[in-house]
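**Q** Contents of run-v4.pdb (PDB, C-alpha atoms) are given next:
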```pdb
ATOM      1  CA  MET A   1     -42.130  50.341 -75.068  1.00  0.00           C
ATOM      2  CA  GLY A   2     -42.012  51.380 -78.742  1.00  0.00           C
ATOM      3  CA  GLY A   3     -41.673  55.057 -77.843  1.00  0.00           C
ATOM      4  CA  GLN A   4     -39.021  54.312 -75.219  1.00  0.00           C
ATOM      5  CA  ARG A   5     -37.037  52.192 -77.664  1.00  0.00           C
ATOM      6  CA  LEU A   6     -37.191  54.955 -80.262  1.00  0.00           C
ATOM      7  CA  PHE A   7     -35.958  57.467 -77.671  1.00  0.00           C
ATOM      8  CA  THR A   8     -33.060  55.119 -76.765  1.00  0.00           C
ATOM      9  CA  VAL A   9     -32.117  54.708 -80.436  1.00  0.00           C
ATOM     10  CA  ILE A  10     -32.215  58.484 -80.954  1.00  0.00           C
ATOM     11  CA  ASN A  11     -29.992  58.945 -77.895  1.00  0.00           C
ATOM     12  CA  TRP A  12     -27.412  56.525 -79.247  1.00  0.00           C
ATOM     13  CA  LEU A  13     -27.536  58.177 -82.679  1.00  0.00           C
ATOM     14  CA  VAL A  14     -27.027  61.628 -81.132  1.00  0.00           C
ATOM     15  CA  HIS A  15     -23.925  60.428 -79.272  1.00  0.00           C
ATOM     16  CA  LEU A  16     -22.611  58.576 -82.314  1.00  0.00           C
ATOM     17  CA  VAL A  17     -23.025  61.562 -84.641  1.00  0.00           C
ATOM     18  CA  SER A  18     -21.567  63.923 -82.022  1.00  0.00           C
ATOM     19  CA  LEU A  19     -18.407  61.802 -81.801  1.00  0.00           C
ATOM     20  CA  LEU A  20     -17.949  61.482 -85.571  1.00  0.00           C
ATOM     21  CA  PRO A  21     -15.954  64.752 -85.894  1.00  0.00           C
ATOM     22  CA  PHE A  22     -13.580  63.550 -83.161  1.00  0.00           C
ATOM     23  CA  ALA A  23     -13.185  60.163 -84.859  1.00  0.00           C
ATOM     24  CA  SER A  24     -12.577  61.853 -88.216  1.00  0.00           C
ATOM     25  CA  LEU A  25      -9.929  64.210 -86.798  1.00  0.00           C
ATOM     26  CA  LEU A  26      -8.242  61.391 -84.889  1.00  0.00           C
ATOM     27  CA  SER A  27      -8.168  59.233 -88.023  1.00  0.00           C
ATOM     28  CA  ALA A  28      -6.719  62.105 -90.068  1.00  0.00           C
ATOM     29  CA  ALA A  29      -4.072  62.744 -87.397  1.00  0.00           C
ATOM     30  CA  LEU A  30      -3.051  59.068 -87.313  1.00  0.00           C
ATOM     31  CA  ARG A  31      -2.859  58.958 -91.127  1.00  0.00           C
ATOM     32  CA  ASN A  32      -0.977  62.279 -91.164  1.00  0.00           C
ATOM     33  CA  THR A  33      -3.543  63.884 -93.484  1.00  0.00           C
ATOM     34  CA  LEU A  34      -4.318  67.038 -91.488  1.00  0.00           C
ATOM     35  CA  GLY A  35      -2.372  69.173 -93.953  1.00  0.00           C
ATOM     36  CA  PRO A  36       0.934  71.053 -93.796  1.00  0.00           C
ATOM     37  CA  ASP A  37       0.213  72.404 -90.292  1.00  0.00           C
ATOM     38  CA  PRO A  38      -1.622  69.616 -88.414  1.00  0.00           C
ATOM     39  CA  ALA A  39      -1.719  71.425 -85.054  1.00  0.00           C
ATOM     40  CA  ASP A  40      -3.239  74.539 -86.608  1.00  0.00           C
ATOM     41  CA  THR A  41      -5.824  72.475 -88.507  1.00  0.00           C
ATOM     42  CA  LEU A  42      -6.725  70.558 -85.355  1.00  0.00           C
ATOM     43  CA  ALA A  43      -7.074  73.784 -83.356  1.00  0.00           C
ATOM     44  CA  ILE A  44      -9.321  75.418 -85.962  1.00  0.00           C
ATOM     45  CA  GLU A  45     -11.506  72.339 -86.516  1.00  0.00           C
ATOM     46  CA  THR A  46     -12.049  71.641 -82.811  1.00  0.00           C
ATOM     47  CA  GLY A  47     -12.804  75.325 -82.260  1.00  0.00           C
ATOM     48  CA  LEU A  48     -15.416  75.247 -85.010  1.00  0.00           C
ATOM     49  CA  TRP A  49     -17.001  72.089 -83.619  1.00  0.00           C
ATOM     50  CA  THR A  50     -17.115  73.684 -80.178  1.00  0.00           C
ATOM     51  CA  LEU A  51     -19.133  76.584 -81.568  1.00  0.00           C
ATOM     52  CA  ARG A  52     -21.382  74.294 -83.621  1.00  0.00           C
ATOM     53  CA  PHE A  53     -22.341  72.230 -80.591  1.00  0.00           C
ATOM     54  CA  LEU A  54     -22.903  75.344 -78.482  1.00  0.00           C
ATOM     55  CA  LEU A  55     -25.256  76.680 -81.160  1.00  0.00           C
ATOM     56  CA  LEU A  56     -27.050  73.323 -81.310  1.00  0.00           C
ATOM     57  CA  SER A  57     -27.479  73.489 -77.539  1.00  0.00           C
ATOM     58  CA  LEU A  58     -28.974  76.989 -77.769  1.00  0.00           C
ATOM     59  CA  ALA A  59     -31.304  75.906 -80.578  1.00  0.00           C
ATOM     60  CA  ILE A  60     -32.976  73.204 -78.483  1.00  0.00           C
ATOM     61  CA  SER A  61     -35.250  75.544 -76.473  1.00  0.00           C
ATOM     62  CA  PRO A  62     -36.735  77.295 -79.550  1.00  0.00           C
ATOM     63  CA  LEU A  63     -37.210  73.929 -81.279  1.00  0.00           C
ATOM     64  CA  ARG A  64     -38.931  72.536 -78.183  1.00  0.00           C
ATOM     65  CA  ASP A  65     -41.208  75.584 -77.967  1.00  0.00           C
ATOM     66  CA  ILE A  66     -42.082  75.417 -81.671  1.00  0.00           C
ATOM     67  CA  THR A  67     -42.657  71.656 -81.840  1.00  0.00           C
ATOM     68  CA  GLY A  68     -44.025  71.181 -78.317  1.00  0.00           C
ATOM     69  CA  TRP A  69     -41.800  68.117 -77.983  1.00  0.00           C
ATOM     70  CA  ALA A  70     -40.567  68.248 -74.365  1.00  0.00           C
ATOM     71  CA  LYS A  71     -38.267  65.264 -74.942  1.00  0.00           C
ATOM     72  CA  LEU A  72     -35.911  67.586 -76.809  1.00  0.00           C
ATOM     73  CA  THR A  73     -34.960  69.313 -73.534  1.00  0.00           C
ATOM     74  CA  PRO A  74     -32.236  66.842 -72.386  1.00  0.00           C
ATOM     75  CA  TYR A  75     -30.354  67.382 -75.650  1.00  0.00           C
ATOM     76  CA  ARG A  76     -29.640  70.966 -74.608  1.00  0.00           C
ATOM     77  CA  ARG A  77     -27.304  69.564 -71.945  1.00  0.00           C
ATOM     78  CA  THR A  78     -26.004  66.809 -74.240  1.00  0.00           C
ATOM     79  CA  PHE A  79     -24.936  69.209 -76.980  1.00  0.00           C
ATOM     80  CA  GLY A  80     -23.572  71.657 -74.412  1.00  0.00           C
ATOM     81  CA  LEU A  81     -21.346  68.935 -72.944  1.00  0.00           C
ATOM     82  CA  TYR A  82     -20.123  67.963 -76.399  1.00  0.00           C
ATOM     83  CA  GLY A  83     -19.313  71.641 -76.911  1.00  0.00           C
ATOM     84  CA  LEU A  84     -17.199  71.450 -73.750  1.00  0.00           C
ATOM     85  CA  PHE A  85     -15.617  68.193 -74.975  1.00  0.00           C
ATOM     86  CA  TYR A  86     -14.424  69.808 -78.211  1.00  0.00           C
ATOM     87  CA  ALA A  87     -13.402  72.963 -76.324  1.00  0.00           C
ATOM     88  CA  CYS A  88     -11.162  70.811 -74.098  1.00  0.00           C
ATOM     89  CA  ILE A  89      -9.515  69.257 -77.166  1.00  0.00           C
ATOM     90  CA  HIS A  90      -9.168  72.744 -78.680  1.00  0.00           C
ATOM     91  CA  PHE A  91      -7.465  74.055 -75.530  1.00  0.00           C
ATOM     92  CA  LEU A  92      -5.279  70.952 -75.209  1.00  0.00           C
ATOM     93  CA  THR A  93      -4.199  71.332 -78.846  1.00  0.00           C
ATOM     94  CA  TYR A  94      -3.220  74.936 -78.139  1.00  0.00           C
ATOM     95  CA  ILE A  95      -1.136  74.214 -75.019  1.00  0.00           C
ATOM     96  CA  ALA A  96       0.324  70.859 -76.151  1.00  0.00           C
ATOM     97  CA  PHE A  97       0.971  71.198 -79.883  1.00  0.00           C
ATOM     98  CA  LEU A  98       1.064  74.923 -80.623  1.00  0.00           C
ATOM     99  CA  LEU A  99       2.928  76.044 -77.486  1.00  0.00           C
ATOM    100  CA  GLN A 100       4.348  72.660 -76.388  1.00  0.00           C
ATOM    101  CA  PHE A 101       3.549  73.225 -72.705  1.00  0.00           C
ATOM    102  CA  ARG A 102       5.663  76.378 -72.456  1.00  0.00           C
ATOM    103  CA  TRP A 103       3.713  77.685 -69.468  1.00  0.00           C
ATOM    104  CA  THR A 104       5.230  81.174 -69.398  1.00  0.00           C
ATOM    105  CA  GLU A 105       4.256  81.651 -73.043  1.00  0.00           C
ATOM    106  CA  ILE A 106       0.766  80.317 -72.356  1.00  0.00           C
ATOM    107  CA  SER A 107       0.180  82.747 -69.488  1.00  0.00           C
ATOM    108  CA  GLY A 108       1.659  85.566 -71.577  1.00  0.00           C
ATOM    109  CA  ASP A 109      -0.669  84.744 -74.492  1.00  0.00           C
ATOM    110  CA  ILE A 110      -3.725  84.676 -72.244  1.00  0.00           C
ATOM    111  CA  LEU A 111      -2.848  88.035 -70.703  1.00  0.00           C
ATOM    112  CA  GLU A 112      -1.501  89.862 -73.765  1.00  0.00           C
ATOM    113  CA  ARG A 113      -3.347  88.538 -76.827  1.00  0.00           C
ATOM    114  CA  PRO A 114      -7.005  89.634 -76.801  1.00  0.00           C
ATOM    115  CA  TYR A 115      -8.277  86.772 -78.991  1.00  0.00           C
ATOM    116  CA  ILE A 116      -6.636  84.237 -76.656  1.00  0.00           C
ATOM    117  CA  THR A 117      -8.044  86.077 -73.619  1.00  0.00           C
ATOM    118  CA  VAL A 118     -11.560  85.981 -75.070  1.00  0.00           C
ATOM    119  CA  GLY A 119     -11.269  82.299 -75.982  1.00  0.00           C
ATOM    120  CA  PHE A 120      -9.892  81.400 -72.554  1.00  0.00           C
ATOM    121  CA  ILE A 121     -12.742  83.212 -70.770  1.00  0.00           C
ATOM    122  CA  ALA A 122     -15.252  81.339 -72.967  1.00  0.00           C
ATOM    123  CA  TYR A 123     -13.497  78.071 -72.105  1.00  0.00           C
ATOM    124  CA  LEU A 124     -13.574  78.788 -68.357  1.00  0.00           C
ATOM    125  CA  ILE A 125     -17.302  79.551 -68.569  1.00  0.00           C
ATOM    126  CA  LEU A 126     -17.913  76.231 -70.335  1.00  0.00           C
ATOM    127  CA  VAL A 127     -15.895  74.350 -67.708  1.00  0.00           C
ATOM    128  CA  VAL A 128     -17.978  75.926 -64.923  1.00  0.00           C
ATOM    129  CA  LEU A 129     -21.250  75.208 -66.735  1.00  0.00           C
ATOM    130  CA  GLY A 130     -20.206  71.632 -67.476  1.00  0.00           C
ATOM    131  CA  GLY A 131     -19.180  71.078 -63.875  1.00  0.00           C
ATOM    132  CA  THR A 132     -22.517  72.348 -62.585  1.00  0.00           C
ATOM    133  CA  SER A 133     -24.737  70.618 -65.152  1.00  0.00           C
ATOM    134  CA  THR A 134     -25.613  67.624 -62.963  1.00  0.00           C
ATOM    135  CA  LYS A 135     -28.938  67.196 -61.163  1.00  0.00           C
ATOM    136  CA  ALA A 136     -27.094  67.246 -57.834  1.00  0.00           C
ATOM    137  CA  MET A 137     -25.648  70.689 -58.628  1.00  0.00           C
ATOM    138  CA  MET A 138     -29.059  71.905 -59.801  1.00  0.00           C
ATOM    139  CA  ARG A 139     -30.518  70.984 -56.412  1.00  0.00           C
ATOM    140  CA  ARG A 140     -27.564  72.426 -54.527  1.00  0.00           C
ATOM    141  CA  LEU A 141     -27.560  75.782 -56.329  1.00  0.00           C
ATOM    142  CA  GLY A 142     -31.350  76.108 -56.482  1.00  0.00           C
ATOM    143  CA  ARG A 143     -32.494  79.311 -58.192  1.00  0.00           C
ATOM    144  CA  ARG A 144     -28.889  80.419 -58.667  1.00  0.00           C
ATOM    145  CA  TRP A 145     -28.345  77.517 -61.078  1.00  0.00           C
ATOM    146  CA  LYS A 146     -30.561  79.084 -63.730  1.00  0.00           C
ATOM    147  CA  GLN A 147     -28.833  82.447 -63.358  1.00  0.00           C
ATOM    148  CA  LEU A 148     -25.404  80.819 -63.628  1.00  0.00           C
ATOM    149  CA  HIS A 149     -26.313  78.864 -66.744  1.00  0.00           C
ATOM    150  CA  LYS A 150     -27.399  81.999 -68.559  1.00  0.00           C
ATOM    151  CA  LEU A 151     -23.646  82.489 -68.996  1.00  0.00           C
ATOM    152  CA  VAL A 152     -23.924  80.046 -71.903  1.00  0.00           C
ATOM    153  CA  TYR A 153     -25.014  83.032 -74.017  1.00  0.00           C
ATOM    154  CA  ALA A 154     -21.856  84.921 -73.050  1.00  0.00           C
ATOM    155  CA  ALA A 155     -19.792  81.824 -73.878  1.00  0.00           C
ATOM    156  CA  ASN A 156     -21.356  81.661 -77.355  1.00  0.00           C
ATOM    157  CA  ILE A 157     -20.703  85.340 -78.031  1.00  0.00           C
ATOM    158  CA  LEU A 158     -17.106  85.109 -76.791  1.00  0.00           C
ATOM    159  CA  ALA A 159     -16.510  81.931 -78.821  1.00  0.00           C
ATOM    160  CA  LEU A 160     -17.767  83.705 -81.951  1.00  0.00           C
ATOM    161  CA  ILE A 161     -15.529  86.733 -81.273  1.00  0.00           C
ATOM    162  CA  HIS A 162     -12.598  84.335 -80.764  1.00  0.00           C
ATOM    163  CA  LEU A 163     -13.403  82.734 -84.129  1.00  0.00           C
ATOM    164  CA  ILE A 164     -13.662  86.108 -85.906  1.00  0.00           C
ATOM    165  CA  TRP A 165     -10.237  87.102 -84.570  1.00  0.00           C
ATOM    166  CA  ILE A 166      -8.651  83.815 -85.665  1.00  0.00           C
ATOM    167  CA  LEU A 167     -10.244  83.730 -89.137  1.00  0.00           C
ATOM    168  CA  ARG A 168     -10.014  87.467 -89.810  1.00  0.00           C
ATOM    169  CA  THR A 169      -8.766  86.895 -93.387  1.00  0.00           C
ATOM    170  CA  ASP A 170     -11.879  84.855 -94.266  1.00  0.00           C
ATOM    171  CA  LEU A 171     -14.992  85.703 -92.276  1.00  0.00           C
ATOM    172  CA  THR A 172     -17.356  83.356 -94.142  1.00  0.00           C
ATOM    173  CA  ASP A 173     -17.655  80.927 -91.221  1.00  0.00           C
ATOM    174  CA  ALA A 174     -18.008  83.766 -88.728  1.00  0.00           C
ATOM    175  CA  VAL A 175     -20.855  85.307 -90.759  1.00  0.00           C
ATOM    176  CA  ILE A 176     -22.642  81.936 -91.009  1.00  0.00           C
ATOM    177  CA  TYR A 177     -22.399  81.192 -87.295  1.00  0.00           C
ATOM    178  CA  GLY A 178     -23.159  84.785 -86.354  1.00  0.00           C
ATOM    179  CA  SER A 179     -26.337  84.664 -88.455  1.00  0.00           C
ATOM    180  CA  ILE A 180     -27.368  81.547 -86.512  1.00  0.00           C
ATOM    181  CA  LEU A 181     -26.445  82.947 -83.100  1.00  0.00           C
ATOM    182  CA  LEU A 182     -28.200  86.306 -83.551  1.00  0.00           C
ATOM    183  CA  PRO A 183     -31.787  84.973 -83.920  1.00  0.00           C
ATOM    184  CA  LEU A 184     -31.179  82.562 -81.031  1.00  0.00           C
ATOM    185  CA  LEU A 185     -30.155  85.484 -78.811  1.00  0.00           C
ATOM    186  CA  VAL A 186     -33.106  87.576 -80.019  1.00  0.00           C
ATOM    187  CA  TYR A 187     -35.452  84.680 -79.239  1.00  0.00           C
ATOM    188  CA  ARG A 188     -33.990  84.371 -75.736  1.00  0.00           C
ATOM    189  CA  ILE A 189     -34.450  88.114 -75.107  1.00  0.00           C
ATOM    190  CA  TYR A 190     -38.019  87.899 -76.434  1.00  0.00           C
ATOM    191  CA  ARG A 191     -38.818  84.985 -74.098  1.00  0.00           C
ATOM    192  CA  HIS A 192     -37.315  86.866 -71.166  1.00  0.00           C
ATOM    193  CA  PHE A 193     -39.456  89.969 -71.669  1.00  0.00           C
ATOM    194  CA  ALA A 194     -42.556  87.973 -72.674  1.00  0.00           C
ATOM    195  CA  GLY A 195     -42.243  86.063 -69.406  1.00  0.00           C
ATOM    196  CA  LYS A 196     -41.943  89.284 -67.425  1.00  0.00           C
ATOM    197  CA  LYS A 197     -44.959  90.755 -69.210  1.00  0.00           C
ATOM    198  CA  SER A 198     -47.120  87.698 -68.516  1.00  0.00           C
ATOM    199  CA  LYS A 199     -46.174  87.842 -64.839  1.00  0.00           C
ATOM    200  CA  ALA A 200     -46.943  91.556 -64.654  1.00  0.00           C
ATOM    201  CA  GLY A 201     -50.244  91.177 -66.526  1.00  0.00           C
ATOM    202  CA  PRO A 202     -52.520  90.164 -63.649  1.00  0.00           C
ATOM    203  CA  LEU A 203     -51.077  92.908 -61.436  1.00  0.00           C
ATOM    204  CA  SER A 204     -51.708  95.586 -64.029  1.00  0.00           C
ATOM    205  CA  MET A 205     -55.339  94.503 -64.307  1.00  0.00           C
ATOM    206  CA  ARG A 206     -56.048  95.295 -60.684  1.00  0.00           C
TER     207      ARG A 206
END
```
Would you put the structure from the file into structure tokens?
**A**
Amino acid sequence: MGGQRLFTVINWLVHLVSLLPFASLLSAALRNTLGPDPADTLAIETGLWTLRFLLLSLAISPLRDITGWAKLTPYRRTFGLYGLFYACIHFLTYIAFLLQFRWTEISGDILERPYITVGFIAYLILVVLGGTSTKAMMRRLGRRWKQLHKLVYAANILALIHLIWILRTDLTDAVIYGSILLPLLVYRIYRHFAGKKSKAGPLSMR
């Protein structure tokens, strides 16, 4: 029971901490302390939190492999869904506050501005991954589920490119997040080829 209680407490803490940025931004918006351009601040902050949670989600597998703690695995989905949550707020901020639901402008931006195109593709990927993250969808898609969810790496790369384009005058954040994403991608590639090699090993010994 002690271990189960600890796991429950950790779960609640994870959700609480994950919602703190949202609570902080909401509080700042209600107190009108988001700065001279609140919509722009909200868009940038929610975009950054999207990327942070996506990186946290990617970091779970290496941490699990290093520590051997299998109970970390569910947090990959948890952080991924919080990434989607902040991405939804980011997208809503863009269409509601920056473009004020001017649909022709929105479609024009998506088609004509590369950084918007890249961000929108990343958002669509996250929506698909979030919608297929349930156990029912895992069973329904079978082996295809794993292939589909490898798109999370593409979403991370596209989100980082989107960030670089937006913050092109100050790339400090982009460099920090890029330096986190790169080793996570390298680790994933290493695991992929290590897995193939271990499968091929017995055959090559014949």
**Q** Just give me the gap between atom CA of A:Ser61 and atom CA of A:Gly119 in Å, one decimal is fine.
**A** 24.9 Å
**Q** Skipping near chain neighbours, those fewer than 5 positions away, what residues fall within 8 Å of A:Phe53 using only C-alpha atoms, listed as a ChimeraX atom specification?
**A** /A:79-80,82-83
**Q** Here's a test: counting all atoms listed in the file, identify every protein, DNA and RNA residue with an atom at most 8 Å from (-23.7, 78.2, -75.8) in the file's coordinate frame, and state them as a VMD selection string.
**A** chain A and resid 51 53 to 55 57 to 58 80 83 152 to 156
**Q** Applying the PyMOL selection byres ((chain A and resi 121) around 12) to the file I just gave you, which residues come out? Please list them as a ChimeraX atom specification.
**A** /A:87,91,110-111,114-120,122-128,151-152,154-159,161-162
**Q** By how many Å are atom CA of A:Leu81 and atom CA of A:Gly130 apart?
**A**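 Computing it gives 6.2 Å between the two atoms.
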**Q** Apply the PyMOL selection byres ((chain A and resi 21) around 12) to the displayed file and report the matching residues as a ChimeraX atom specification.
**A** /A:15-20,22-28,42,45-50,52-53,82-83,85-86,89
**Q** Taking a cut-off of 9 Å and counting all atoms listed in the file, can you build a table that, for each residue of stretch 60-125 of chain A near stretch 31-39 of chain A, reports the nearest atom pair and how far apart they are in Å (one decimal), sorted by chain then residue number, as a tab-separated table?
**A**
```
residue	atom	partner	partner_atom	distance
A:Thr93	CA	A:Ala39	CA	6.7
A:Tyr94	CA	A:Ala39	CA	7.9
A:Phe97	CA	A:Ala39	CA	5.8
A:Leu98	CA	A:Ala39	CA	6.3
```
**Q** Which residues, named as in the file, does the PyMOL selection byres ((chain A and resi 74) around 12) pick out? Answer as an MDAnalysis selection string.
**A** chainID A and resid 7 10:11 14 57:58 60:61 64 69:73 75:81 133:135
**Q** Return the padded bounding box of stretch 38-47 of chain A as AutoDock Vina command-line options: axis-aligned, built from all atoms listed in the file, 6 Å added on each side, with centre and edge lengths in Å to one decimal.
**A**
```
--center_x -7.2 --center_y 72.5 --center_z -85.4 --size_x 23.2 --size_y 17.8 --size_z 18.2
```
**Q** Have a look at atom CA of A:Leu148 and atom CA of A:Ile164 and let me know their distance in Å, one decimal.
**A**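 Atom-to-atom, atom CA of A:Leu148 and atom CA of A:Ile164 are spaced 25.7 Å apart.
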**Q** Which residue, A:Leu84, A:Tyr190, A:Leu163, A:Leu92, has the smallest gap to A:Gly178 when you use only C-alpha atoms?
**A** A:Leu163
**Q** Which of these residues is nearest to A:Val186, using all atoms listed in the file: A:Arg144, A:Pro62, A:Leu13, A:Ala29?
**A** A:Pro62
**Q** Could you complete stretch 122-138 of chain A so that it carries N, CA and C atoms, and give it back as a compact mmCIF listing (two decimals), in the coordinates of the input?
**A**
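Written out: rebuild-v4.txt:
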```
# COMPACT_ATOMS: atom_id res chain seq x y z
N ALA A 122 -14.16 82.20 -72.49
CA ALA A 122 -15.25 81.34 -72.97
C ALA A 122 -15.05 79.90 -72.49
N TYR A 123 -13.81 79.44 -72.55
CA TYR A 123 -13.50 78.07 -72.10
C TYR A 123 -13.76 77.89 -70.61
N LEU A 124 -13.34 78.86 -69.80
CA LEU A 124 -13.57 78.79 -68.36
C LEU A 124 -15.07 78.75 -68.04
N ILE A 125 -15.85 79.55 -68.77
CA ILE A 125 -17.30 79.55 -68.57
C ILE A 125 -17.87 78.16 -68.86
N LEU A 126 -17.42 77.57 -69.96
CA LEU A 126 -17.91 76.23 -70.33
C LEU A 126 -17.53 75.18 -69.30
N VAL A 127 -16.33 75.29 -68.75
CA VAL A 127 -15.90 74.35 -67.71
C VAL A 127 -16.80 74.46 -66.48
N VAL A 128 -17.10 75.70 -66.08
CA VAL A 128 -17.98 75.93 -64.92
C VAL A 128 -19.38 75.39 -65.20
N LEU A 129 -19.90 75.67 -66.39
CA LEU A 129 -21.25 75.21 -66.74
C LEU A 129 -21.30 73.68 -66.83
N GLY A 130 -20.26 73.09 -67.40
CA GLY A 130 -20.21 71.63 -67.48
C GLY A 130 -20.13 70.99 -66.10
N GLY A 131 -19.34 71.60 -65.23
CA GLY A 131 -19.18 71.08 -63.88
C GLY A 131 -20.41 71.22 -63.01
N THR A 132 -21.30 72.13 -63.38
CA THR A 132 -22.52 72.35 -62.58
C THR A 132 -23.77 71.89 -63.33
N SER A 133 -23.59 71.03 -64.33
CA SER A 133 -24.74 70.62 -65.15
C SER A 133 -25.47 69.40 -64.61
N THR A 134 -24.98 68.83 -63.52
CA THR A 134 -25.61 67.62 -62.96
C THR A 134 -26.86 67.98 -62.15
N LYS A 135 -27.72 66.98 -61.96
CA LYS A 135 -28.94 67.20 -61.16
C LYS A 135 -28.60 67.55 -59.72
N ALA A 136 -27.52 66.96 -59.21
CA ALA A 136 -27.09 67.25 -57.83
C ALA A 136 -26.73 68.72 -57.68
N MET A 137 -26.02 69.27 -58.68
CA MET A 137 -25.65 70.69 -58.63
C MET A 137 -26.87 71.59 -58.82
N MET A 138 -27.82 71.14 -59.62
CA MET A 138 -29.06 71.90 -59.80
C MET A 138 -29.78 72.05 -58.47
```
